[in-house]
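Only one structure is covered here, and it is reproduced in the block below.
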Protein chains: 2
Amino acid sequence: MPMEEKPYLTPKQERVLNFIRKRVGERLPPTIREIGEELGFKSTGTVRDYLKALMQKGLVRRMNNKSRAIELTERASFKIPIIGTIMAGKPNLAYEEIQGYVDADDLFLGRLGFDDVFALRVKGDSMIDAGILDGDVAIIKKRPNADNNDIVAALLDNNEVTLKRLRNRAGKFHLEAANANYPPIFEEFKVIGKLITVIRKY
Amino acid sequence: MPMEEKPYLTPKQERVLNFIRKRVGERLPPTIREIGEELGFKSTGTVRDYLKALMQKGLVRRMNNKSRAIELTERASFKIPIIGTIMAGKPNLAYEEIQGYVDADDLFLGRLGFDDVFALRVKGDSMIDAGILDGDVAIIKKRPNADNNDIVAALLDNNEVTLKRLRNRAGKFHLEAANANYPPIFEEFKVIGKLITVIRKY
DNA sequence: TGACAAACCACACAAATGTGTGGTATATCT
DNA sequence: AGATATACCACACATTTGTGTGGTTTGTCA
């Protein structure tokens, strides 16, 4: 039996909350009547009961007399469903088959601000053995240093930025490609940031 | 001198649009009267004139008779700077060195809605030669079919979902791993979606 | 001069939307 | 048995909100 970590919600309350999440994600929070319609409630009073319950459990906030003024307490970001094994030969990806959600913002940038993050488009195949291909976008967090084995964006003497693995050999750092065809780089360099995310579009 | 690429807006129209942007960003699009209050218009008619103008210029969409139903045409999303070669030995990533911006949402999901997208956490190394590693998150767009050489999420007979490359051999489709250690799959399967993005966090 | 667009206002009206009161039924807990 | 929580409905009413009509003023373009 799965445990509830968050405030306890009845299944119905959960459904109401999920509908609100969906609508908020799609840009416009629902009106009370829209919630009722969707979930099959014939009275606005019913929906208000649910909203009251969700408010008491601290999951939503509301403003009085304002239309659609339902706010989620949780982080506002859109979520992508994760599916796993699909049950019983029904390959239609219905709600029941969704195992959970990834928080897209989270997946993408984590809890970082934007200020110290930048992107680099990867050129070449020097990191191919680390699964980083030509054309990938590397998201880098600015940092003046990194640890052994981190993949870093480094500034070389010729003012080029390159993505390589940082290696510490007897106290001395050098850069290493993830491709046997490329020799390690022992020349002078400066770490400008650490790789935190790789994104590839097909 | 920078060129204007977007539709011409008067300064006032710009202010209205910016206020809408702000409110949308803060989660609740404004009502007509809220716009008027903020920008000092005493008549709802004035605001409607502005909204009409913004609609004609294709910047906002609206739904009739729905409160707060103002939608921005543009993508509401944050941007990440792309840097390339850094000039003149100044490794401080100042603005001057920024070559452009990636639209984060765009990078991530492109123009897709959320409904037809789901995520799959990659398990195993069967796609390693395609640069898809264990633990990567695969973003899949639901589709009942795909083209030769596309990487797809497929449902196998044992109700498992797998990520493989779709191959067409003489009119007959089968699945292929990107790892010589895994044999091709000729058994029955059903394409449930196509890989559009891979994300890896470090 | 006339046409037109941008920028406004006032106000009436109709929908949409939130609020509130007062029920019913069922199950659980004490 | 009584209290409490969940889970509903009906309906009246007050606000909020969108719509529509009909103005005025200012500047630009032809």
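All residue names refer to the structure tokens as shown: chains lettered A, B, ... in order, residues numbered from 1 in each chain, ligands numbered from 1 in order.
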Inset, instruction - Excluding DT30 in chain C and any residue of its chain fewer than 6 positions from it, enumerate the residues within 12 Å of it, using only C-alpha atoms (C1' of nucleotides), and give them as a VMD selection string. - result: chain D and resid 1 to 4
Inset, instruction - Just the residues within 7 Å of range 2-13 of chain C, please, counting only C-alpha atoms (C1' of nucleotides), with nothing from its chain fewer than 2 positions along; format it as an NGL selection string. - result: :B and (42-43 or 46)
Inset, instruction - Determine the nearest neighbour of chain C from the options B:Lys142, B:Lys201, B:Lys12, B:Lys22, counting only C-alpha atoms (C1' of nucleotides). - result: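 For chain C, the nearest of the candidates is B:Lys12.
You will find CA of Arg21 in chain A at 7.5 Å from CA of Leu72 in chain A.
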Compile a residue-level contact table for chain C against chain A at a cut-off of 9 Å, reporting for every qualifying residue the shortest atom pair and its distance in Å to one decimal, with only C-alpha atoms (C1' of nucleotides) counted, rows ordered by chain and ascending number, as a tab-separated table.
```
residue	atom	partner	partner_atom	distance
C:DT17	C1'	A:Ser67	CA	6.1
C:DG18	C1'	A:Asn65	CA	5.5
C:DT19	C1'	A:Asn65	CA	8.2
```
Inset, instruction - Would you please work out which residue, of D:DG27, D:DG22, D:DA5, D:DT17, is nearest to chain B when using only C-alpha atoms (C1' of nucleotides)? - result: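 Ranked by minimum distance to chain B, first place goes to D:DT17.
Distance-wise, CA of Ile196 in chain A and CA of Asp125 in chain B end up 20.7 Å apart.
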Inset, instruction - Residues of chain D no more than 10 Å from chain B, counting only C-alpha atoms (C1' of nucleotides): send them over as a ChimeraX atom specification. - result: /D:16-20
Please, could you write that set of residues out with C-alpha atoms (C1' of nucleotides) as a compact mmCIF listing (two decimals), in the first residue's frame?
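File written: result-v9.txt
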```txt
# COMPACT_ATOMS: atom_id res chain seq x y z
C1' DT D 16 -17.48 40.69 -11.26
C1' DT D 17 -16.63 40.79 -15.77
C1' DG D 18 -17.35 41.08 -20.73
C1' DT D 19 -20.06 43.44 -24.48
C1' DG D 20 -21.93 47.12 -27.09
```
